[in-house]
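Next comes protein28.tsv, a file with TSV, C-alpha atoms and all ligand atoms.
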chain	number	residue	atom	x	y	z
A	1	MET	CA	114.45	73.33	68.96
A	2	ASN	CA	116.57	76.41	69.43
A	3	ASP	CA	114.76	79.24	67.71
A	4	LEU	CA	116.32	82.69	67.61
A	5	SER	CA	112.97	84.38	67.45
A	6	ALA	CA	110.31	82.40	69.30
A	7	PRO	CA	110.46	82.31	73.11
A	8	ASP	CA	109.01	79.11	74.48
A	9	GLY	CA	110.39	78.97	78.00
A	10	PRO	CA	113.92	78.41	79.22
A	11	LYS	CA	115.65	75.16	78.23
A	12	PRO	CA	119.01	75.24	79.91
A	13	PHE	CA	121.94	73.19	78.75
A	14	VAL	CA	124.81	72.60	81.10
A	15	LYS	CA	128.46	72.14	80.36
A	16	THR	CA	130.70	71.08	83.21
A	17	LEU	CA	133.95	72.98	83.26
A	18	ASP	CA	137.32	72.52	84.84
A	19	PRO	CA	137.20	74.88	87.84
A	20	GLU	CA	140.74	75.97	86.96
A	21	ASN	CA	139.41	77.32	83.72
A	22	ASP	CA	135.92	78.26	84.68
A	23	LEU	CA	135.09	81.67	83.30
A	24	ALA	CA	132.98	82.22	86.40
A	25	ARG	CA	135.80	81.50	88.83
A	26	GLY	CA	134.76	81.56	92.44
A	27	SER	CA	131.13	80.84	91.66
A	28	ALA	CA	129.71	77.80	89.96
A	29	VAL	CA	131.62	75.12	88.07
A	30	CYS	CA	129.14	75.07	85.27
A	31	ILE	CA	127.83	77.45	82.71
A	32	VAL	CA	124.13	77.40	82.16
A	33	GLY	CA	123.16	78.78	78.78
A	34	LEU	CA	119.57	79.71	78.18
A	35	ARG	CA	118.69	78.42	74.75
A	36	LEU	CA	116.78	81.56	74.03
A	37	ASP	CA	117.28	85.02	72.74
A	38	HIS	CA	115.01	86.69	75.23
A	39	TYR	CA	116.64	87.08	78.60
A	40	SER	CA	117.75	90.53	79.60
A	41	THR	CA	119.26	90.36	83.04
A	42	CYS	CA	122.99	90.46	83.61
A	43	GLN	CA	124.33	86.93	84.06
A	44	GLY	CA	127.02	85.42	86.21
A	45	PRO	CA	128.90	86.18	89.40
A	46	ALA	CA	128.62	89.41	91.27
A	47	GLY	CA	132.35	90.12	91.00
A	48	SER	CA	134.01	91.25	87.82
A	49	ILE	CA	136.33	89.11	85.70
A	50	LYS	CA	139.81	90.56	86.08
A	51	ARG	CA	141.59	88.66	83.34
A	52	MET	CA	140.33	86.56	80.50
A	53	ARG	CA	142.23	84.70	77.82
A	54	LEU	CA	140.37	84.04	74.59
A	55	ILE	CA	141.55	81.98	71.64
A	56	VAL	CA	140.01	82.81	68.28
A	57	THR	CA	140.02	80.80	65.09
A	58	ALA	CA	137.84	80.68	61.97
A	59	ASP	CA	137.30	79.10	58.56
A	60	LEU	CA	138.07	75.53	59.58
A	61	HIS	CA	136.19	74.22	56.50
A	62	TYR	CA	136.10	70.70	57.88
A	63	ASP	CA	134.09	69.64	54.82
A	64	ILE	CA	137.04	70.26	52.50
A	65	ALA	CA	139.60	67.49	52.19
A	66	ARG	CA	142.73	69.59	52.55
A	67	SER	CA	141.33	71.26	55.67
A	68	VAL	CA	140.67	68.04	57.59
A	69	ALA	CA	144.15	67.19	58.87
A	70	PRO	CA	145.10	70.83	59.69
A	71	THR	CA	141.83	71.28	61.58
A	72	GLU	CA	142.38	68.11	63.58
A	73	ALA	CA	145.95	69.20	64.35
A	74	LEU	CA	144.70	72.61	65.49
A	75	ALA	CA	142.04	71.04	67.71
A	76	SER	CA	144.62	68.76	69.25
A	77	ARG	CA	146.92	71.68	69.93
A	78	LEU	CA	144.20	73.90	71.39
A	79	SER	CA	143.00	71.12	73.67
A	80	GLY	CA	146.23	71.59	75.60
A	81	GLU	CA	146.04	75.38	75.71
A	82	ARG	CA	145.07	77.14	78.90
A	83	ALA	CA	142.41	79.65	77.99
A	84	ASP	CA	139.01	80.66	79.26
A	85	GLY	CA	137.25	80.57	75.92
A	86	LEU	CA	137.63	79.47	72.32
A	87	VAL	CA	135.72	81.40	69.66
A	88	ILE	CA	135.29	79.76	66.25
A	89	VAL	CA	134.20	82.42	63.80
A	90	GLY	CA	132.31	80.54	61.10
A	91	ASP	CA	132.73	78.38	58.00
A	92	ALA	CA	133.23	75.03	59.71
A	93	CYS	CA	130.98	73.07	57.37
A	94	GLY	CA	129.29	73.26	54.01
A	95	ARG	CA	126.07	71.71	52.80
A	96	ASP	CA	126.17	68.86	55.31
A	97	PRO	CA	125.54	70.30	58.80
A	98	ASP	CA	126.60	67.02	60.42
A	99	ILE	CA	130.14	68.12	59.58
A	100	LEU	CA	129.72	71.05	61.96
A	101	ARG	CA	128.78	68.56	64.68
A	102	ARG	CA	131.89	66.47	63.97
A	103	CYS	CA	134.06	69.58	63.83
A	104	LEU	CA	132.82	70.93	67.15
A	105	ARG	CA	133.34	67.52	68.77
A	106	LEU	CA	137.05	67.87	67.99
A	107	PHE	CA	137.15	70.56	70.67
A	108	ASP	CA	135.44	68.51	73.39
A	109	ARG	CA	138.66	68.39	75.39
A	110	PHE	CA	139.15	72.16	75.33
A	111	ALA	CA	138.98	73.16	78.98
A	112	GLY	CA	137.05	76.44	78.63
A	113	GLN	CA	133.81	77.39	76.97
A	114	VAL	CA	133.64	77.00	73.18
A	115	PHE	CA	131.69	79.66	71.24
A	116	TYR	CA	130.52	79.50	67.65
A	117	VAL	CA	129.52	82.12	65.11
A	118	ALA	CA	128.08	81.01	61.77
A	119	GLY	CA	129.79	81.62	58.43
A	120	ASN	CA	128.34	81.87	54.95
A	121	HIS	CA	129.46	78.33	54.07
A	122	ASP	CA	127.47	77.03	57.05
A	123	LEU	CA	124.33	78.35	55.30
A	124	TRP	CA	124.96	76.38	52.11
A	125	THR	CA	122.14	73.92	51.50
A	126	ASP	CA	120.98	71.42	48.91
A	127	GLY	CA	117.38	72.43	49.09
A	128	GLU	CA	116.10	73.61	52.39
A	129	ASP	CA	115.97	77.18	53.58
A	130	SER	CA	119.30	78.72	54.65
A	131	LEU	CA	117.45	80.88	57.16
A	132	ARG	CA	116.19	77.77	58.91
A	133	ARG	CA	119.72	76.38	58.83
A	134	TYR	CA	121.03	79.57	60.40
A	135	GLU	CA	118.36	80.17	63.00
A	136	ARG	CA	117.51	76.61	64.02
A	137	ASP	CA	119.76	73.83	62.77
A	138	LEU	CA	123.13	75.40	63.62
A	139	ALA	CA	121.78	76.52	67.00
A	140	ASP	CA	120.59	72.99	67.77
A	141	ILE	CA	123.93	71.45	66.81
A	142	CYS	CA	125.81	73.92	69.00
A	143	ALA	CA	123.49	73.23	71.95
A	144	GLU	CA	123.94	69.50	71.47
A	145	CYS	CA	127.73	69.95	71.55
A	146	GLY	CA	127.73	72.28	74.58
A	147	VAL	CA	128.89	75.13	72.36
A	148	TRP	CA	127.55	78.66	72.89
A	149	TYR	CA	126.00	79.89	69.62
A	150	LEU	CA	126.70	83.61	69.75
A	151	ASP	CA	124.37	84.38	66.85
A	152	ALA	CA	121.51	83.38	69.16
A	153	LYS	CA	122.54	85.15	72.31
A	154	PRO	CA	125.41	87.09	73.80
A	155	TRP	CA	127.51	85.69	76.61
A	156	ILE	CA	127.71	88.12	79.53
A	157	ARG	CA	129.64	87.46	82.72
A	158	GLY	CA	131.41	89.61	85.30
A	159	GLY	CA	131.57	92.78	83.24
A	160	VAL	CA	132.70	91.02	80.05
A	161	ALA	CA	130.53	90.20	77.06
A	162	LEU	CA	131.01	88.20	73.89
A	163	VAL	CA	128.61	89.15	71.13
A	164	GLY	CA	128.46	87.49	67.73
A	165	SER	CA	126.88	87.54	64.32
A	166	ILE	CA	127.50	85.94	60.97
A	167	GLY	CA	127.34	89.47	59.52
A	168	TRP	CA	126.44	89.59	55.84
A	169	TYR	CA	126.85	91.77	52.76
A	170	ASP	CA	124.82	94.40	50.97
A	171	TYR	CA	127.33	94.94	48.12
A	172	THR	CA	128.45	98.28	49.55
A	173	PHE	CA	132.03	96.99	49.59
A	174	ARG	CA	131.95	96.51	45.80
A	175	ARG	CA	134.69	98.22	43.87
A	176	ALA	CA	133.28	101.25	42.07
A	177	SER	CA	136.33	101.25	39.81
A	178	LEU	CA	135.19	97.99	38.20
A	179	ARG	CA	132.04	99.80	36.95
A	180	ILE	CA	130.08	96.52	37.06
A	181	PRO	CA	126.31	97.18	37.38
A	182	LEU	CA	124.53	96.21	40.58
A	183	ARG	CA	122.40	93.49	38.94
A	184	PHE	CA	125.49	91.30	38.55
A	185	TYR	CA	126.24	91.54	42.27
A	186	ARG	CA	122.64	90.64	43.08
A	187	HIS	CA	123.08	87.48	41.01
A	188	LYS	CA	126.60	86.98	42.46
A	189	LEU	CA	128.41	86.56	39.20
A	190	ALA	CA	130.51	88.86	37.07
A	191	PRO	CA	129.64	89.72	33.43
A	192	GLY	CA	132.08	87.14	32.03
A	193	ALA	CA	130.38	84.39	34.04
A	194	ALA	CA	126.93	85.61	32.98
A	195	GLU	CA	127.96	85.37	29.35
A	196	ALA	CA	129.18	81.81	29.86
A	197	LEU	CA	126.06	80.58	31.66
A	198	SER	CA	122.90	80.39	29.57
A	199	ASP	CA	120.59	80.81	32.56
A	200	HIS	CA	122.25	84.14	33.41
A	201	ARG	CA	122.85	85.53	29.93
A	202	HIS	CA	119.73	87.70	30.31
A	203	LEU	CA	121.83	89.97	32.58
A	204	LEU	CA	123.55	91.03	29.37
A	205	ASP	CA	120.34	91.89	27.50
A	206	ARG	CA	121.38	95.41	28.23
A	207	ARG	CA	125.05	95.95	27.41
A	208	ASP	CA	125.44	99.70	27.24
A	209	ASP	CA	126.26	99.86	30.98
A	210	VAL	CA	128.63	96.87	30.94
A	211	PRO	CA	132.32	97.79	30.53
A	212	PRO	CA	133.79	95.58	27.78
A	213	GLU	CA	136.74	94.61	29.98
A	214	SER	CA	134.36	93.19	32.61
A	215	LEU	CA	133.34	90.47	30.14
A	216	ALA	CA	136.73	88.97	30.87
A	217	VAL	CA	135.85	88.68	34.57
A	218	GLY	CA	134.43	85.20	35.10
A	219	THR	CA	134.06	85.20	38.88
A	220	ARG	CA	131.05	83.53	40.45
A	221	TRP	CA	130.41	83.90	44.21
A	222	LEU	CA	129.09	80.49	45.16
A	223	ASP	CA	126.68	81.74	47.81
A	224	GLY	CA	124.61	82.50	44.72
A	225	VAL	CA	124.35	78.77	44.07
A	226	HIS	CA	124.20	77.34	47.57
A	227	VAL	CA	122.58	79.93	49.86
A	228	ARG	CA	118.78	80.06	49.68
A	229	LEU	CA	117.33	82.89	51.72
A	230	PRO	CA	113.66	83.91	51.67
A	231	MET	CA	114.73	87.54	51.39
A	232	THR	CA	117.30	89.67	49.62
A	233	ASP	CA	120.86	90.02	50.88
A	234	VAL	CA	120.11	93.62	51.80
A	235	GLU	CA	117.09	92.54	53.87
A	236	PHE	CA	119.08	89.77	55.53
A	237	THR	CA	121.87	92.22	56.35
A	238	ARG	CA	119.32	94.58	57.89
A	239	ARG	CA	117.79	91.75	59.94
A	240	LEU	CA	121.21	90.74	61.26
A	241	HIS	CA	122.07	94.34	62.01
A	242	GLU	CA	118.93	94.72	64.12
A	243	ARG	CA	119.67	91.55	66.04
A	244	LEU	CA	123.28	92.53	66.62
A	245	ALA	CA	122.15	95.95	67.83
A	246	ALA	CA	119.80	94.28	70.32
A	247	HIS	CA	122.55	91.96	71.56
A	248	LEU	CA	125.01	94.83	71.91
A	249	SER	CA	122.45	96.87	73.78
A	250	ARG	CA	121.87	94.03	76.20
A	251	ALA	CA	125.62	93.48	76.63
A	252	ALA	CA	126.27	97.18	77.17
A	253	GLU	CA	123.86	97.17	80.11
A	254	CYS	CA	126.19	94.88	82.04
A	255	ALA	CA	129.64	94.82	80.47
A	256	GLU	CA	132.52	97.27	80.46
A	257	ARG	CA	134.39	95.20	77.87
A	258	ILE	CA	132.79	93.65	74.80
A	259	VAL	CA	134.42	91.35	72.26
A	260	VAL	CA	132.48	91.01	69.00
A	261	ALA	CA	132.91	87.96	66.76
A	262	MET	CA	131.65	88.40	63.21
A	263	HIS	CA	132.35	86.15	60.23
A	264	HIS	CA	132.00	88.90	57.60
A	265	LEU	CA	133.86	92.18	57.81
A	266	PRO	CA	132.41	95.27	59.51
A	267	PHE	CA	134.91	97.78	58.13
A	268	ALA	CA	135.93	98.54	54.55
A	269	ARG	CA	139.51	99.00	55.76
A	270	MET	CA	139.60	95.25	56.48
A	271	VAL	CA	138.82	94.39	52.85
A	272	HIS	CA	141.81	93.38	50.77
A	273	VAL	CA	142.07	95.04	47.37
A	274	SER	CA	144.22	92.95	45.06
A	275	GLY	CA	144.02	95.11	41.95
A	276	ARG	CA	142.89	92.06	39.99
A	277	ALA	CA	139.29	92.35	38.85
A	278	ALA	CA	138.59	88.62	39.22
A	279	TRP	CA	139.35	88.88	42.95
A	280	ASP	CA	138.09	92.36	43.59
A	281	PHE	CA	134.65	91.50	42.21
A	282	ALA	CA	134.29	89.32	45.32
A	283	ASN	CA	134.87	92.28	47.65
A	284	ALA	CA	131.15	93.01	47.36
A	285	PHE	CA	130.51	89.88	49.41
A	286	MET	CA	132.95	90.58	52.23
A	287	GLY	CA	130.63	92.46	54.59
A	288	SER	CA	129.07	95.82	55.28
A	289	GLU	CA	130.11	99.02	57.00
A	290	ILE	CA	126.71	99.25	58.72
A	291	PHE	CA	128.02	96.70	61.20
A	292	GLY	CA	131.15	98.77	61.76
A	293	GLU	CA	129.12	101.91	62.39
A	294	LEU	CA	127.12	99.97	64.96
A	295	LEU	CA	130.24	98.67	66.72
A	296	LEU	CA	131.71	102.17	66.89
A	297	SER	CA	128.50	103.43	68.51
A	298	VAL	CA	128.97	101.14	71.52
A	299	PRO	CA	131.85	102.46	73.66
A	300	GLN	CA	132.45	99.13	75.42
A	301	VAL	CA	133.41	97.30	72.22
A	302	ARG	CA	137.16	96.66	72.44
A	303	TYR	CA	137.74	93.97	69.81
A	304	VAL	CA	136.14	92.62	66.70
A	305	VAL	CA	137.36	89.26	65.41
A	306	CYS	CA	136.50	88.06	61.91
A	307	GLY	CA	137.14	85.34	59.35
A	308	HIS	CA	135.89	84.91	55.78
A	309	THR	CA	138.74	86.47	53.79
A	310	HIS	CA	141.29	83.77	54.67
A	311	ARG	CA	143.87	86.55	55.08
A	312	PRO	CA	145.33	87.45	58.48
A	313	LEU	CA	145.03	91.10	59.44
A	314	ARG	CA	145.29	93.33	62.49
A	315	THR	CA	144.19	96.93	62.26
A	316	ARG	CA	142.25	99.51	64.24
A	317	ALA	CA	138.97	101.32	63.71
A	318	GLY	CA	138.82	104.07	66.30
A	319	ARG	CA	139.20	102.41	69.71
A	320	ILE	CA	138.38	98.94	68.31
A	321	GLU	CA	141.16	96.46	67.59
A	322	CYS	CA	140.17	94.52	64.48
A	323	ILE	CA	141.55	91.03	63.97
A	324	ASN	CA	141.09	88.72	61.02
A	325	VAL	CA	142.29	85.24	61.89
A	326	GLY	CA	143.21	84.38	58.31
A	327	CYS	CA	143.04	80.59	58.16
A	328	THR	CA	143.37	79.19	54.67
A	329	TYR	CA	142.03	75.80	53.59
A	330	ALA	CA	145.39	74.15	54.14
A	331	ALA	CA	146.86	76.16	57.03
A	332	LYS	CA	144.98	76.77	60.25
A	333	ARG	CA	145.97	79.37	62.79
A	334	TYR	CA	144.59	81.18	65.77
A	335	GLU	CA	144.87	84.48	67.61
A	336	VAL	CA	144.88	85.13	71.34
A	337	ILE	CA	143.10	88.00	73.06
A	338	GLU	CA	144.12	88.81	76.61
A	339	LEU	CA	141.48	90.90	78.34
A	340	ALA	CA	142.99	92.54	81.41
A	401	FE	FE	135.92	80.58	54.74
A	402	FE	FE	133.16	82.77	54.66

Turn this file's structure into structure tokens for me.
Amino acid sequence: MNDLSAPDGPKPFVKTLDPENDLARGSAVCIVGLRLDHYSTCQGPAGSIKRMRLIVTADLHYDIARSVAPTEALASRLSGERADGLVIVGDACGRDPDILRRCLRLFDRFAGQVFYVAGNHDLWTDGEDSLRRYERDLADICAECGVWYLDAKPWIRGGVALVGSIGWYDYTFRRASLRIPLRFYRHKLAPGAAEALSDHRHLLDRRDDVPPESLAVGTRWLDGVHVRLPMTDVEFTRRLHERLAAHLSRAAECAERIVVAMHHLPFARMVHVSGRAAWDFANAFMGSEIFGELLLSVPQVRYVVCGHTHRPLRTRAGRIECINVGCTYAAKRYEVIELA
């Protein structure tokens, strides 16, 4: 069992790599990943990595019919790419975690190390606890597939680190201009949806703070149906923030260059504002600036790569280059990061 929180002794998994593509060139031909979150020493060869080519993709949604063929085509294409690492930034499966296993297996022929970061859809469940899914089940599937689960531990080699987190949301990206009260965001549905659903109509017991035009907004964020956390979103965001801070601190001890992979968005400037209330209601669930503030506090962070919005974007936040891969359900794409 791969538990993010409980140390129970090292249980290494080994993935044999093509020496031509080994991230630890000149040292071993295997990567040994400790299936724990509790090591603190710098890993890897004594020398520094001079160049590193990373491919990044996200939102493969292999559980959705129209994503299956494009995902398989992408995997086939990437299997022939020469790169040191492939980072998949969340939302590969839905309620059935076996689909993550099948999705990751598509990349078995990729020559470098595959990394995974969870997405909100990967936490969708039919009954069990999403926290268990996040902290144990996804980690176990990644370990079984020889994939490095960045939510559990950073990868640190030769002065380079990859650090990852699902990220989450605390509704601070909500659009103030919509004037929708916070209780609707906590229940993840807009006033129009609450009015239509008898089990949520109580949110309208008080109407004096509900703008009449918001009753026409029928958006429901489906994490509210399928994600079952034993804590609030704000508490979960705080928990993830603490873990990411610990991972960044560990990485910063050893690495001059850090790439962060995060499914949700760490900067408000990465959030798309459509001007249509039905879409902009969902901005509350895109991420949180507390992650961005953390990234900016670590000078070695060079890149942050994200998914979740299904819209491609490149922008900057201070010295950090921010990339959103922007896969849609039907069209898969990837970005390349050349660390030199
Ligand atoms: Fe997605
Ligand atoms: Fe997502």

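Closest to ligand FE 402 (chain A) among A:Glu289, A:Asp205, A:Asp122, A:Asp63 is A:Asp122, based on only C-alpha atoms and all ligand atoms.
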
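Each of A:Arg276, A:Glu195, A:Ala261, A:Phe107 was checked against Ser76 (chain A) using only C-alpha atoms; the smallest atom-to-atom distance is that of A:Phe107.
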
Just give me the gap between CA of Tyr134 (chain A) and CA of Val117 (chain A) in Å, one decimal is fine.
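So the two atoms, CA of Tyr134 (chain A) and CA of Val117 (chain A), lie 10.0 Å apart.
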
Could I get the residues of chain A with an atom no further than 6 Å from an atom of ligand FE 401 (chain A), each paired with its nearest atom pair and that distance in Å to one decimal, using all atoms listed in the file, sorted by chain and residue number, as JSON lines?
{"residue": "A:Asp59", "atom": "CA", "partner": "A:FE401", "partner_atom": "FE", "distance": 4.3}
{"residue": "A:Asp91", "atom": "CA", "partner": "A:FE401", "partner_atom": "FE", "distance": 5.1}
{"residue": "A:His308", "atom": "CA", "partner": "A:FE401", "partner_atom": "FE", "distance": 4.5}

Rank nothing, just name the residue among A:Arg269, A:His61, A:Arg302, A:Arg51 nearest to ligand FE 402 (chain A), using only C-alpha atoms and all ligand atoms.
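Checking each candidate against ligand FE 402 (chain A), we get A:His61 as the closest.
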
Taking only C-alpha atoms into account, which of A:Arg105, A:Arg179, A:Arg207, A:Arg174 comes nearest Met286 (chain A)?
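Closest residue, counting only C-alpha atoms: A:Arg174.
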
Just the residues within 10 Å of Asn324 (chain A), please, counting only C-alpha atoms, with nothing from its chain fewer than 4 positions along; format it as a tab-separated table (two decimals) with C-alpha atoms, in the frame of the given file.
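The resulting around-v9.tsv:
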chain	number	residue	atom	x	y	z
A	56	VAL	CA	140.01	82.81	68.28
A	57	THR	CA	140.02	80.80	65.09
A	58	ALA	CA	137.84	80.68	61.97
A	89	VAL	CA	134.20	82.42	63.80
A	262	MET	CA	131.65	88.40	63.21
A	263	HIS	CA	132.35	86.15	60.23
A	264	HIS	CA	132.00	88.90	57.60
A	265	LEU	CA	133.86	92.18	57.81
A	270	MET	CA	139.60	95.25	56.48
A	304	VAL	CA	136.14	92.62	66.70
A	305	VAL	CA	137.36	89.26	65.41
A	306	CYS	CA	136.50	88.06	61.91
A	307	GLY	CA	137.14	85.34	59.35
A	308	HIS	CA	135.89	84.91	55.78
A	309	THR	CA	138.74	86.47	53.79
A	310	HIS	CA	141.29	83.77	54.67
A	311	ARG	CA	143.87	86.55	55.08
A	312	PRO	CA	145.33	87.45	58.48
A	313	LEU	CA	145.03	91.10	59.44
A	314	ARG	CA	145.29	93.33	62.49
A	315	THR	CA	144.19	96.93	62.26
A	334	TYR	CA	144.59	81.18	65.77
A	335	GLU	CA	144.87	84.48	67.61

Pairwise distance for CA of Ile180 (chain A) and CA of Tyr329 (chain A), rounded to one decimal in Å:
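About the pair CA of Ile180 (chain A) and CA of Tyr329 (chain A): they are 29.1 Å apart.
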
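Of note, CA of Ile88 (chain A) and CA of Tyr62 (chain A) are spaced 12.4 Å apart.
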
List as a ChimeraX atom specification the protein and nucleic acid residues near Gly167 (chain A), meaning an atom at most 9 Å away when only C-alpha atoms are counted, but skip any in the same chain fewer than 3 places from it.
/A:118-120,164,237,240-241,244,262-266,287-288,291

Would you mind exporting the chosen residues as a PDB file, in the coordinates of the input, restricted to C-alpha atoms?
ATOM      1  CA  ALA A 118     128.080  81.010  61.770  1.00  0.00           C
ATOM      2  CA  GLY A 119     129.790  81.620  58.430  1.00  0.00           C
ATOM      3  CA  ASN A 120     128.340  81.870  54.950  1.00  0.00           C
ATOM      4  CA  GLY A 164     128.460  87.490  67.730  1.00  0.00           C
ATOM      5  CA  THR A 237     121.870  92.220  56.350  1.00  0.00           C
ATOM      6  CA  LEU A 240     121.210  90.740  61.260  1.00  0.00           C
ATOM      7  CA  HIS A 241     122.070  94.340  62.010  1.00  0.00           C
ATOM      8  CA  LEU A 244     123.280  92.530  66.620  1.00  0.00           C
ATOM      9  CA  MET A 262     131.650  88.400  63.210  1.00  0.00           C
ATOM     10  CA  HIS A 263     132.350  86.150  60.230  1.00  0.00           C
ATOM     11  CA  HIS A 264     132.000  88.900  57.600  1.00  0.00           C
ATOM     12  CA  LEU A 265     133.860  92.180  57.810  1.00  0.00           C
ATOM     13  CA  PRO A 266     132.410  95.270  59.510  1.00  0.00           C
ATOM     14  CA  GLY A 287     130.630  92.460  54.590  1.00  0.00           C
ATOM     15  CA  SER A 288     129.070  95.820  55.280  1.00  0.00           C
ATOM     16  CA  PHE A 291     128.020  96.700  61.200  1.00  0.00           C
TER      17      PHE A 291
END

Reconstruct N, CA and C atoms of region 147-162 of chain A from the incomplete input and present them as a PDB file, in the coordinates of the input.
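Result written to out.pdb:
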ATOM      1  N   VAL A 147     128.220  73.945  72.923  1.00  0.00           N
ATOM      2  CA  VAL A 147     128.890  75.130  72.360  1.00  0.00           C
ATOM      3  C   VAL A 147     127.906  76.306  72.393  1.00  0.00           C
ATOM      4  N   TRP A 148     128.405  77.466  72.780  1.00  0.00           N
ATOM      5  CA  TRP A 148     127.550  78.660  72.890  1.00  0.00           C
ATOM      6  C   TRP A 148     127.444  79.316  71.519  1.00  0.00           C
ATOM      7  N   TYR A 149     126.229  79.338  70.969  1.00  0.00           N
ATOM      8  CA  TYR A 149     126.000  79.890  69.620  1.00  0.00           C
ATOM      9  C   TYR A 149     125.754  81.393  69.775  1.00  0.00           C
ATOM     10  N   LEU A 150     126.776  82.169  69.489  1.00  0.00           N
ATOM     11  CA  LEU A 150     126.700  83.610  69.750  1.00  0.00           C
ATOM     12  C   LEU A 150     125.695  84.326  68.848  1.00  0.00           C
ATOM     13  N   ASP A 151     125.400  83.756  67.685  1.00  0.00           N
ATOM     14  CA  ASP A 151     124.370  84.380  66.850  1.00  0.00           C
ATOM     15  C   ASP A 151     123.019  84.413  67.572  1.00  0.00           C
ATOM     16  N   ALA A 152     122.803  83.458  68.468  1.00  0.00           N
ATOM     17  CA  ALA A 152     121.510  83.380  69.160  1.00  0.00           C
ATOM     18  C   ALA A 152     121.454  84.268  70.392  1.00  0.00           C
ATOM     19  N   LYS A 153     122.582  84.370  71.072  1.00  0.00           N
ATOM     20  CA  LYS A 153     122.540  85.150  72.310  1.00  0.00           C
ATOM     21  C   LYS A 153     123.951  85.536  72.723  1.00  0.00           C
ATOM     22  N   PRO A 154     124.086  86.698  73.308  1.00  0.00           N
ATOM     23  CA  PRO A 154     125.410  87.090  73.800  1.00  0.00           C
ATOM     24  C   PRO A 154     125.741  86.343  75.082  1.00  0.00           C
ATOM     25  N   TRP A 155     127.019  86.258  75.339  1.00  0.00           N
ATOM     26  CA  TRP A 155     127.510  85.690  76.610  1.00  0.00           C
ATOM     27  C   TRP A 155     127.951  86.870  77.466  1.00  0.00           C
ATOM     28  N   ILE A 156     127.417  86.959  78.662  1.00  0.00           N
ATOM     29  CA  ILE A 156     127.710  88.120  79.530  1.00  0.00           C
ATOM     30  C   ILE A 156     128.035  87.613  80.925  1.00  0.00           C
ATOM     31  N   ARG A 157     129.222  87.895  81.375  1.00  0.00           N
ATOM     32  CA  ARG A 157     129.640  87.460  82.720  1.00  0.00           C
ATOM     33  C   ARG A 157     130.608  88.490  83.297  1.00  0.00           C
ATOM     34  N   GLY A 158     130.402  88.861  84.544  1.00  0.00           N
ATOM     35  CA  GLY A 158     131.410  89.610  85.300  1.00  0.00           C
ATOM     36  C   GLY A 158     131.964  90.833  84.597  1.00  0.00           C
ATOM     37  N   GLY A 159     131.111  91.560  83.887  1.00  0.00           N
ATOM     38  CA  GLY A 159     131.570  92.780  83.240  1.00  0.00           C
ATOM     39  C   GLY A 159     132.180  92.588  81.865  1.00  0.00           C
ATOM     40  N   VAL A 160     132.179  91.332  81.395  1.00  0.00           N
ATOM     41  CA  VAL A 160     132.700  91.020  80.050  1.00  0.00           C
ATOM     42  C   VAL A 160     131.572  90.438  79.220  1.00  0.00           C
ATOM     43  N   ALA A 161     131.533  90.788  77.950  1.00  0.00           N
ATOM     44  CA  ALA A 161     130.530  90.200  77.060  1.00  0.00           C
ATOM     45  C   ALA A 161     131.167  89.773  75.745  1.00  0.00           C
ATOM     46  N   LEU A 162     130.706  88.630  75.249  1.00  0.00           N
ATOM     47  CA  LEU A 162     131.010  88.200  73.890  1.00  0.00           C
ATOM     48  C   LEU A 162     129.714  88.273  73.104  1.00  0.00           C
TER      49      LEU A 162
END
